[in-house]
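As provided, start_17.pdb (PDB, C-alpha atoms) reads as follows.
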ATOM      1  CA  MET A   1      11.411  19.743 -14.685
ATOM      2  CA  GLU A   2      14.839  18.103 -14.612
ATOM      3  CA  SER A   3      14.248  16.776 -11.115
ATOM      4  CA  VAL A   4      10.966  15.206 -12.262
ATOM      5  CA  ALA A   5      12.750  13.485 -15.139
ATOM      6  CA  LEU A   6      15.526  12.376 -12.778
ATOM      7  CA  GLY A   7      12.948  10.975 -10.343
ATOM      8  CA  GLN A   8      11.221   9.104 -13.169
ATOM      9  CA  SER A   9      14.528   7.672 -14.316
ATOM     10  CA  GLU A  10      15.310   6.461 -10.777
ATOM     11  CA  ASP A  11      11.842   4.924 -10.538
ATOM     12  CA  ARG A  12      12.334   3.095 -13.839
ATOM     13  CA  THR A  13      15.709   1.788 -12.684
ATOM     14  CA  ARG A  14      14.136   0.527  -9.476
ATOM     15  CA  ASP A  15      11.247  -1.018 -11.435
ATOM     16  CA  ARG A  16      13.665  -2.903 -13.692
ATOM     17  CA  GLU A  17      15.699  -4.051 -10.705
ATOM     18  CA  LEU A  18      12.571  -5.339  -8.950
ATOM     19  CA  ALA A  19      11.515  -7.178 -12.109
ATOM     20  CA  ARG A  20      15.000  -8.666 -12.483
ATOM     21  CA  ARG A  21      14.899  -9.903  -8.890
ATOM     22  CA  CYS A  22      11.431 -11.389  -9.404
ATOM     23  CA  ALA A  23      12.638 -13.161 -12.545
ATOM     24  CA  ALA A  24      15.523 -14.584 -10.500
ATOM     25  CA  GLY A  25      13.053 -15.967  -7.954
ATOM     26  CA  ASP A  26      13.565 -13.402  -5.181
ATOM     27  CA  GLU A  27      10.292 -13.398  -3.236
ATOM     28  CA  SER A  28      11.269 -10.304  -1.238
ATOM     29  CA  ALA A  29      11.113  -8.283  -4.478
ATOM     30  CA  LEU A  30       7.510  -9.347  -4.985
ATOM     31  CA  ARG A  31       6.793  -8.398  -1.394
ATOM     32  CA  GLU A  32       8.201  -4.915  -2.077
ATOM     33  CA  ILE A  33       5.977  -4.601  -5.133
ATOM     34  CA  LEU A  34       2.991  -5.663  -3.046
ATOM     35  CA  GLU A  35       3.763  -3.022  -0.405
ATOM     36  CA  ASP A  36       4.035  -0.346  -3.095
ATOM     37  CA  HIS A  37       1.126  -1.224  -5.367
ATOM     38  CA  GLU A  38      -1.390  -3.614  -3.787
ATOM     39  CA  PRO A  39      -3.685  -1.048  -2.086
ATOM     40  CA  ARG A  40      -3.857   1.005  -5.287
ATOM     41  CA  LEU A  41      -4.611  -2.041  -7.453
ATOM     42  CA  ARG A  42      -7.256  -3.285  -5.025
ATOM     43  CA  LYS A  43      -8.914   0.136  -4.994
ATOM     44  CA  LEU A  44      -8.874   0.340  -8.796
ATOM     45  CA  LEU A  45     -10.301  -3.156  -9.162
ATOM     46  CA  TYR A  46     -12.948  -2.462  -6.546
ATOM     47  CA  ARG A  47     -14.208   0.573  -8.434
ATOM     48  CA  ASN A  48     -14.151  -1.366 -11.700
ATOM     49  CA  LEU A  49     -15.864  -4.499 -10.399
ATOM     50  CA  GLY A  50     -17.947  -3.296  -7.449
ATOM     51  CA  SER A  51     -16.874  -6.217  -5.290
ATOM     52  CA  LEU A  52     -14.236  -6.079  -2.564
ATOM     53  CA  GLU A  53     -13.765  -9.843  -2.633
ATOM     54  CA  ASP A  54     -13.115  -9.884  -6.360
ATOM     55  CA  ALA A  55     -10.834  -6.869  -6.045
ATOM     56  CA  GLU A  56      -8.721  -8.580  -3.389
ATOM     57  CA  GLU A  57      -8.529 -11.812  -5.343
ATOM     58  CA  LEU A  58      -7.586 -10.102  -8.584
ATOM     59  CA  ALA A  59      -4.986  -7.880  -6.906
ATOM     60  CA  GLY A  60      -3.264 -11.090  -5.797
ATOM     61  CA  THR A  61      -3.634 -12.617  -9.248
ATOM     62  CA  THR A  62      -2.143  -9.473 -10.801
ATOM     63  CA  LEU A  63       0.988  -9.780  -8.678
ATOM     64  CA  LEU A  64       1.277 -13.502  -9.307
ATOM     65  CA  LYS A  65       0.928 -12.944 -13.034
ATOM     66  CA  PHE A  66       3.658 -10.333 -12.912
ATOM     67  CA  TRP A  67       5.885 -12.728 -10.946
ATOM     68  CA  ARG A  68       5.516 -15.348 -13.655
ATOM     69  CA  SER A  69       6.197 -12.938 -16.501
ATOM     70  CA  ALA A  70       8.712 -10.608 -14.821
ATOM     71  CA  ARG A  71      11.392 -11.609 -17.309
ATOM     72  CA  GLY A  72       9.321  -9.935 -20.025
ATOM     73  CA  PHE A  73       9.239  -6.546 -18.264
ATOM     74  CA  ARG A  74      11.667  -4.287 -20.144
ATOM     75  CA  GLY A  75      10.863  -1.020 -18.400
ATOM     76  CA  ALA A  76       9.356   0.637 -21.471
ATOM     77  CA  CYS A  77       6.621   1.921 -19.169
ATOM     78  CA  SER A  78       6.529   2.223 -15.384
ATOM     79  CA  LEU A  79       5.802  -0.784 -13.212
ATOM     80  CA  LYS A  80       2.723   1.109 -12.009
ATOM     81  CA  SER A  81       1.338   1.294 -15.566
ATOM     82  CA  TYR A  82       2.373  -2.280 -16.311
ATOM     83  CA  LEU A  83       0.626  -3.696 -13.234
ATOM     84  CA  THR A  84      -2.417  -1.535 -13.894
ATOM     85  CA  ARG A  85      -2.686  -2.964 -17.394
ATOM     86  CA  ILE A  86      -2.554  -6.526 -16.035
ATOM     87  CA  ALA A  87      -5.129  -5.703 -13.349
ATOM     88  CA  LEU A  88      -7.534  -4.057 -15.788
ATOM     89  CA  ASN A  89      -7.316  -6.986 -18.199
ATOM     90  CA  LEU A  90      -8.043  -9.392 -15.367
ATOM     91  CA  GLY A  91     -10.899  -7.156 -14.206
ATOM     92  CA  ARG A  92     -12.358  -7.098 -17.687
ATOM     93  CA  ASP A  93     -12.247 -10.907 -17.927
ATOM     94  CA  GLN A  94     -13.856 -11.209 -14.516
ATOM     95  CA  ALA A  95     -16.611  -8.744 -15.432
ATOM     96  CA  ARG A  96     -17.264 -10.687 -18.627
ATOM     97  CA  ARG A  97     -17.563 -13.948 -16.694
ATOM     98  CA  ARG A  98     -19.940 -12.415 -14.168
ATOM     99  CA  ARG A  99     -21.885 -10.265 -16.597
ATOM    100  CA  GLU A 100     -25.221 -11.592 -15.432
ATOM    101  CA  THR A 101     -24.487 -11.163 -11.760
ATOM    102  CA  VAL A 102     -22.353  -8.052 -11.421
ATOM    103  CA  PRO A 103     -22.266  -7.399  -7.670
ATOM    104  CA  VAL A 104     -23.325  -3.809  -7.217
ATOM    105  CA  GLY A 105     -23.184  -3.139  -3.514
ATOM    106  CA  ALA A 106     -23.346   0.266  -1.875
ATOM    107  CA  ASP A 107     -20.141   1.435  -0.250
ATOM    108  CA  PRO A 108     -20.755   0.647   3.453
ATOM    109  CA  LYS A 109     -18.626   3.472   4.822
ATOM    110  CA  VAL A 110     -20.461   6.284   3.062
ATOM    111  CA  ALA A 111     -24.115   5.390   3.627
ATOM    112  CA  GLU A 112     -24.894   8.857   5.050
ATOM    113  CA  GLU A 113     -23.315  10.869   2.244
ATOM    114  CA  HIS A 114     -24.996  12.777  -0.585
ATOM    115  CA  PRO A 115     -27.052  10.317  -2.709
ATOM    116  CA  TYR A 116     -25.610  11.760  -5.926
ATOM    117  CA  LEU A 117     -22.224  10.231  -5.103
ATOM    118  CA  GLU A 118     -23.659   6.749  -4.771
ATOM    119  CA  LYS A 119     -25.400   7.243  -8.114
ATOM    120  CA  ILE A 120     -22.072   8.077  -9.705
ATOM    121  CA  ARG A 121     -20.548   4.871  -8.316
ATOM    122  CA  MET A 122     -23.502   2.817  -9.523
ATOM    123  CA  GLY A 123     -23.460   4.590 -12.865
ATOM    124  CA  LEU A 124     -19.780   3.817 -13.317
ATOM    125  CA  LEU A 125     -20.484   0.101 -12.962
ATOM    126  CA  ARG A 126     -23.114   0.343 -15.670
ATOM    127  CA  LEU A 127     -20.664   1.763 -18.195
ATOM    128  CA  GLY A 128     -18.780  -0.374 -20.694
ATOM    129  CA  PRO A 129     -15.315  -1.594 -19.642
ATOM    130  CA  GLU A 130     -13.427   0.933 -21.802
ATOM    131  CA  ASP A 131     -15.234   3.931 -20.337
ATOM    132  CA  ARG A 132     -15.099   2.546 -16.822
ATOM    133  CA  GLU A 133     -11.365   1.891 -16.928
ATOM    134  CA  LEU A 134     -10.661   5.311 -18.356
ATOM    135  CA  LEU A 135     -12.774   7.122 -15.771
ATOM    136  CA  THR A 136     -11.356   5.205 -12.818
ATOM    137  CA  LEU A 137      -7.817   6.065 -13.899
ATOM    138  CA  TYR A 138      -8.812   9.686 -14.423
ATOM    139  CA  TYR A 139     -10.955  10.251 -11.335
ATOM    140  CA  LEU A 140      -9.648   7.718  -8.856
ATOM    141  CA  GLU A 141      -5.965   7.627  -9.701
ATOM    142  CA  GLU A 142      -5.954  11.201 -10.966
ATOM    143  CA  TRP A 143      -3.420  10.199 -13.604
ATOM    144  CA  ASP A 144      -2.350  12.456 -16.402
ATOM    145  CA  TYR A 145      -2.973  11.533 -20.038
ATOM    146  CA  GLY A 146       0.546  10.113 -20.449
ATOM    147  CA  GLU A 147       0.109   7.600 -17.636
ATOM    148  CA  ILE A 148      -3.373   6.674 -18.806
ATOM    149  CA  GLY A 149      -2.014   6.170 -22.320
ATOM    150  CA  ASP A 150       0.747   3.883 -21.009
ATOM    151  CA  SER A 151      -1.734   1.704 -19.168
ATOM    152  CA  LEU A 152      -4.457   1.539 -21.783
ATOM    153  CA  GLY A 153      -2.204   1.644 -24.830
ATOM    154  CA  ILE A 154      -3.961   4.618 -26.443
ATOM    155  CA  THR A 155      -2.781   8.020 -27.648
ATOM    156  CA  TYR A 156      -3.343  11.471 -26.162
ATOM    157  CA  ASP A 157      -6.015  12.420 -28.709
ATOM    158  CA  VAL A 158      -7.900   9.174 -28.252
ATOM    159  CA  ILE A 159      -7.867   9.637 -24.472
ATOM    160  CA  ARG A 160      -9.268  13.149 -24.804
ATOM    161  CA  THR A 161     -12.062  12.044 -27.122
ATOM    162  CA  ARG A 162     -12.945   9.006 -25.070
ATOM    163  CA  LEU A 163     -12.848  10.939 -21.832
ATOM    164  CA  VAL A 164     -15.404  13.478 -23.073
ATOM    165  CA  ARG A 165     -17.620  10.643 -24.317
ATOM    166  CA  ALA A 166     -17.278   8.563 -21.144
ATOM    167  CA  ARG A 167     -18.036  11.527 -18.890
ATOM    168  CA  LYS A 168     -21.109  12.334 -20.968
ATOM    169  CA  ARG A 169     -22.378   8.759 -20.708
ATOM    170  CA  LEU A 170     -21.814   8.673 -16.972
ATOM    171  CA  ARG A 171     -23.682  11.951 -16.524
ATOM    172  CA  GLN A 172     -26.571  10.614 -18.587
ATOM    173  CA  ILE A 173     -26.825   7.480 -16.452
ATOM    174  CA  VAL A 174     -26.640   9.487 -13.229
ATOM    175  CA  GLU A 175     -29.236  12.003 -14.377
ATOM    176  CA  GLU A 176     -31.583   9.226 -15.518
ATOM    177  CA  GLN A 177     -31.577   7.974 -11.937
ATOM    178  CA  ASN A 178     -32.631  11.384 -10.572
TER     179      ASN A 178
ATOM    180  CA  MET B   1     -23.794  21.471 -13.441
ATOM    181  CA  THR B   2     -20.527  22.152 -15.270
ATOM    182  CA  ASP B   3     -18.094  19.421 -16.294
ATOM    183  CA  GLU B   4     -15.655  20.651 -13.647
ATOM    184  CA  GLN B   5     -18.299  20.385 -10.917
ATOM    185  CA  PHE B   6     -19.221  16.930 -12.130
ATOM    186  CA  ASP B   7     -15.534  15.935 -12.130
ATOM    187  CA  ASP B   8     -15.181  17.084  -8.519
ATOM    188  CA  LEU B   9     -18.241  15.086  -7.487
ATOM    189  CA  ALA B  10     -17.003  12.020  -9.378
ATOM    190  CA  ARG B  11     -13.599  12.264  -7.682
ATOM    191  CA  SER B  12     -15.139  12.361  -4.233
ATOM    192  CA  ALA B  13     -17.604   9.600  -5.174
ATOM    193  CA  LEU B  14     -14.840   7.270  -6.271
ATOM    194  CA  SER B  15     -12.325   8.101  -3.568
ATOM    195  CA  TYR B  16     -11.689   5.064  -1.466
ATOM    196  CA  GLU B  17      -9.262   4.446   1.369
ATOM    197  CA  ALA B  18      -7.698   1.109   0.534
ATOM    198  CA  GLY B  19      -5.561   1.073   3.683
ATOM    199  CA  LEU B  20      -2.487  -1.076   4.091
ATOM    200  CA  PRO B  21      -1.540  -3.992   1.864
ATOM    201  CA  ARG B  22      -3.618  -7.057   2.759
ATOM    202  CA  GLU B  23      -1.869 -10.137   4.061
ATOM    203  CA  GLY B  24      -4.523 -12.257   2.342
ATOM    204  CA  VAL B  25      -3.423 -10.867  -0.994
ATOM    205  CA  TRP B  26       0.192 -11.745  -0.190
ATOM    206  CA  GLN B  27      -0.809 -15.298   0.720
ATOM    207  CA  GLN B  28      -2.472 -15.552  -2.658
ATOM    208  CA  ALA B  29       0.272 -13.864  -4.658
ATOM    209  CA  LYS B  30       3.195 -15.538  -2.891
ATOM    210  CA  PRO B  31       4.864 -17.946  -5.296
ATOM    211  CA  MET B  32       3.917 -21.472  -4.290
ATOM    212  CA  ARG B  33       7.043 -23.571  -4.251
ATOM    213  CA  GLU B  34       7.952 -26.393  -1.896
ATOM    214  CA  SER B  35      10.989 -25.304   0.097
ATOM    215  CA  TRP B  36      12.810 -28.572  -0.502
ATOM    216  CA  LEU B  37      12.635 -28.212  -4.264
ATOM    217  CA  PRO B  38      15.859 -26.864  -5.749
ATOM    218  CA  THR B  39      15.776 -23.640  -7.693
ATOM    219  CA  VAL B  40      16.817 -23.501 -11.343
ATOM    220  CA  ARG B  41      20.029 -21.793 -10.266
ATOM    221  CA  GLU B  42      20.832 -24.610  -7.807
ATOM    222  CA  ILE B  43      20.143 -27.266 -10.447
ATOM    223  CA  LEU B  44      22.440 -25.537 -12.940
ATOM    224  CA  LEU B  45      25.168 -25.137 -10.322
ATOM    225  CA  CYS B  46      25.025 -28.820  -9.327
ATOM    226  CA  GLY B  47      25.067 -29.828 -12.999
ATOM    227  CA  ALA B  48      28.112 -27.663 -13.673
ATOM    228  CA  ILE B  49      29.993 -29.047 -10.645
ATOM    229  CA  GLY B  50      29.134 -32.644 -11.646
ATOM    230  CA  ALA B  51      30.276 -32.087 -15.232
ATOM    231  CA  LEU B  52      33.533 -30.561 -14.044
ATOM    232  CA  ALA B  53      34.197 -33.480 -11.671
ATOM    233  CA  LEU B  54      33.571 -36.023 -14.457
ATOM    234  CA  LEU B  55      35.897 -34.093 -16.752
ATOM    235  CA  VAL B  56      38.692 -34.088 -14.156
ATOM    236  CA  VAL B  57      38.279 -37.839 -13.472
ATOM    237  CA  GLY B  58      38.234 -38.573 -17.231
ATOM    238  CA  VAL B  59      41.420 -36.605 -17.858
ATOM    239  CA  ARG B  60      43.217 -38.313 -14.953
ATOM    240  CA  ILE B  61      42.266 -41.789 -16.215
ATOM    241  CA  GLU B  62      43.357 -40.937 -19.726
ATOM    242  CA  ARG B  63      46.767 -39.668 -18.586
ATOM    243  CA  GLY B  64      47.452 -42.551 -16.178
ATOM    244  CA  PRO B  65      49.596 -45.660 -17.108
ATOM    245  CA  LEU B  66      47.810 -48.546 -18.826
ATOM    246  CA  PRO B  67      47.207 -51.510 -16.495
ATOM    247  CA  GLU B  68      49.375 -54.601 -16.966
ATOM    248  CA  ARG B  69      47.502 -57.336 -18.764
ATOM    249  CA  LYS B  70      47.861 -60.823 -17.472
ATOM    250  CA  GLN B  71      48.997 -63.220 -20.196
ATOM    251  CA  ASN B  72      48.010 -66.808 -20.502
ATOM    252  CA  PRO B  73      51.208 -68.799 -19.768
ATOM    253  CA  VAL B  74      50.184 -71.604 -22.192
ATOM    254  CA  ILE B  75      49.754 -69.199 -25.116
ATOM    255  CA  ARG B  76      52.878 -67.347 -24.115
ATOM    256  CA  ALA B  77      54.911 -70.564 -24.187
ATOM    257  CA  ALA B  78      53.374 -71.590 -27.517
ATOM    258  CA  MET B  79      54.293 -68.255 -29.063
ATOM    259  CA  HIS B  80      57.838 -68.387 -27.720
ATOM    260  CA  ASP B  81      57.247 -65.322 -25.590
ATOM    261  CA  GLU B  82      56.150 -63.274 -28.657
ATOM    262  CA  THR B  83      52.699 -62.379 -27.379
ATOM    263  CA  HIS B  84      52.808 -58.575 -27.662
ATOM    264  CA  SER B  85      50.917 -58.616 -30.960
ATOM    265  CA  ALA B  86      48.642 -61.547 -30.130
ATOM    266  CA  LEU B  87      45.678 -59.964 -28.439
ATOM    267  CA  VAL B  88      42.966 -62.404 -29.466
ATOM    268  CA  SER B  89      43.135 -66.050 -30.295
ATOM    269  CA  VAL B  90      40.313 -68.155 -31.629
ATOM    270  CA  THR B  91      40.496 -71.871 -31.111
ATOM    271  CA  ARG B  92      38.229 -74.104 -33.098
ATOM    272  CA  ILE B  93      37.642 -77.549 -31.692
ATOM    273  CA  PRO B  94      36.462 -80.059 -34.320
ATOM    274  CA  GLY B  95      33.013 -81.407 -33.615
ATOM    275  CA  LEU B  96      31.964 -78.459 -31.449
ATOM    276  CA  GLY B  97      31.146 -76.142 -34.369
TER     277      GLY B  97
END
Would you kindly transcribe this structure into structure tokens?
Amino acid sequence: MESVALGQSEDRTRDRELARRCAAGDESALREILEDHEPRLRKLLYRNLGSLEDAEELAGTTLLKFWRSARGFRGACSLKSYLTRIALNLGRDQARRRRETVPVGADPKVAEEHPYLEKIRMGLLRLGPEDRELLTLYYLEEWDYGEIGDSLGITYDVIRTRLVRARKRLRQIVEEQN
Amino acid sequence: MTDEQFDDLARSALSYEAGLPREGVWQQAKPMRESWLPTVREILLCGAIGALALLVVGVRIERGPLPERKQNPVIRAAMHDETHSALVSVTRIPGLG
């Protein structure tokens, strides 16, 4: 338990140092952040938006936005949660802009898999942004409630309630397709 | 299907191998700044050095001896060599206003 707390403390120190370097204009710090977080952000955005192009673009925008506001990062939450919050907000704006034409393409790599899985992916994109964000963090990132709370700014009890509701809605959508 | 079974299916449905960081993303995220433009730190440093140099020059001028003023020999003769307090003289010529 102590070693976990120690690891978290080291991570937070590193996060603050990276933010400080970004605020001072050190591009190599941003590069380090990209190496650490870009694939995860792209994956999260892809599952939230259903478009690889949008996911790639918004992952870049997330990092650029952090670069510009790095001075404001105080380390109250982890850099991972902080970046996730930026990415999800950007994803939500993008989804709102493209509401009429949400690109819902099948995942090309898994065309031969069980059809139920594709229905889950499609169903996720039909959920509202709150449910979708919560479920991607829970299923895709496999985060615990604390990390989800940090990123979405909600409490443990609210996460639990919303998670039950979001899962129920997703199941309904998937079963309607059967 | 139980919730746990559904959770397992959802996890495998959403799993996605994102691979390595994309260079395209870096090109987009990389701060765009012309290399010849000075950074804020460089501007502040140059400003501080310039201010210090001006301060040093100002102090040296202030402490140095006052330059000798050339005196008009005609005025000097008219004042019987008592020109130390006569700094300005105004001569009015009748008819010229």
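Residue membership of the ChimeraX specification (/B :<6) & /A in the shown file amounts to Glu35, Glu38, Pro39, Lys43, Gly60, Leu63, Leu64, Leu117, Tyr139 and Leu140 of chain A.
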d(CA of Cys22 in chain A, CA of Ala59 in chain A) in Å: 17.0 Å
Selection under test: the PyMOL selection byres ((chain A and resi 136) around 12); residues as a ChimeraX atom specification: /A:40-41,43-49,84,88,120-121,124-125,127,129-135,137-143,148,152,163,166-167,170 /B:7,10-16
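Here CA of Asp15 in chain A stands at a distance of 17.9 Å from CA of Gly146 in chain A.
Here CA of Arg171 in chain A is placed at a distance of 27.2 Å from CA of Ser81 in chain A.
The set of residues that the PyMOL selection byres ((chain A and resi 78) around 9) takes from this file is Gln8, Asp11, Arg12, Asp15, Arg16, Gly75, Ala76, Cys77, Leu79, Lys80, Ser81, Tyr82, Leu83, Glu147 and Asp150 of chain A.
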Can I get the selected residues back with C-alpha atoms, as an mmCIF file, in the frame of the given file?
data_model
loop_
_atom_site.group_PDB
_atom_site.id
_atom_site.type_symbol
_atom_site.label_atom_id
_atom_site.label_comp_id
_atom_site.auth_asym_id
_atom_site.auth_seq_id
_atom_site.Cartn_x
_atom_site.Cartn_y
_atom_site.Cartn_z
ATOM 1 C CA GLN A 8 11.221 9.104 -13.169
ATOM 2 C CA ASP A 11 11.842 4.924 -10.538
ATOM 3 C CA ARG A 12 12.334 3.095 -13.839
ATOM 4 C CA ASP A 15 11.247 -1.018 -11.435
ATOM 5 C CA ARG A 16 13.665 -2.903 -13.692
ATOM 6 C CA GLY A 75 10.863 -1.020 -18.400
ATOM 7 C CA ALA A 76 9.356 0.637 -21.471
ATOM 8 C CA CYS A 77 6.621 1.921 -19.169
ATOM 9 C CA LEU A 79 5.802 -0.784 -13.212
ATOM 10 C CA LYS A 80 2.723 1.109 -12.009
ATOM 11 C CA SER A 81 1.338 1.294 -15.566
ATOM 12 C CA TYR A 82 2.373 -2.280 -16.311
ATOM 13 C CA LEU A 83 0.626 -3.696 -13.234
ATOM 14 C CA GLU A 147 0.109 7.600 -17.636
ATOM 15 C CA ASP A 150 0.747 3.883 -21.009
#
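Nearest-residue note for Glu176 in chain A: choosing from A:Val164, A:Ile159, A:Met122, A:Leu90, the minimum distance belongs to A:Met122, counting all atoms listed in the file.
Minimum atom-to-atom distances from A:Ala29, A:Leu58, A:Val174, A:Leu34 to Ala95 in chain A were compared using all atoms listed in the file, and the lowest value belongs to A:Leu58.
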Expected axis-aligned box over every listed atom of range 148-161 of chain A, 3 Å added per side, centre plus edges in Å to one decimal, as AutoDock Vina command-line options:
--center_x -5.7 --center_y 7.3 --center_z -23.8 --size_x 18.8 --size_y 17.6 --size_z 15.9
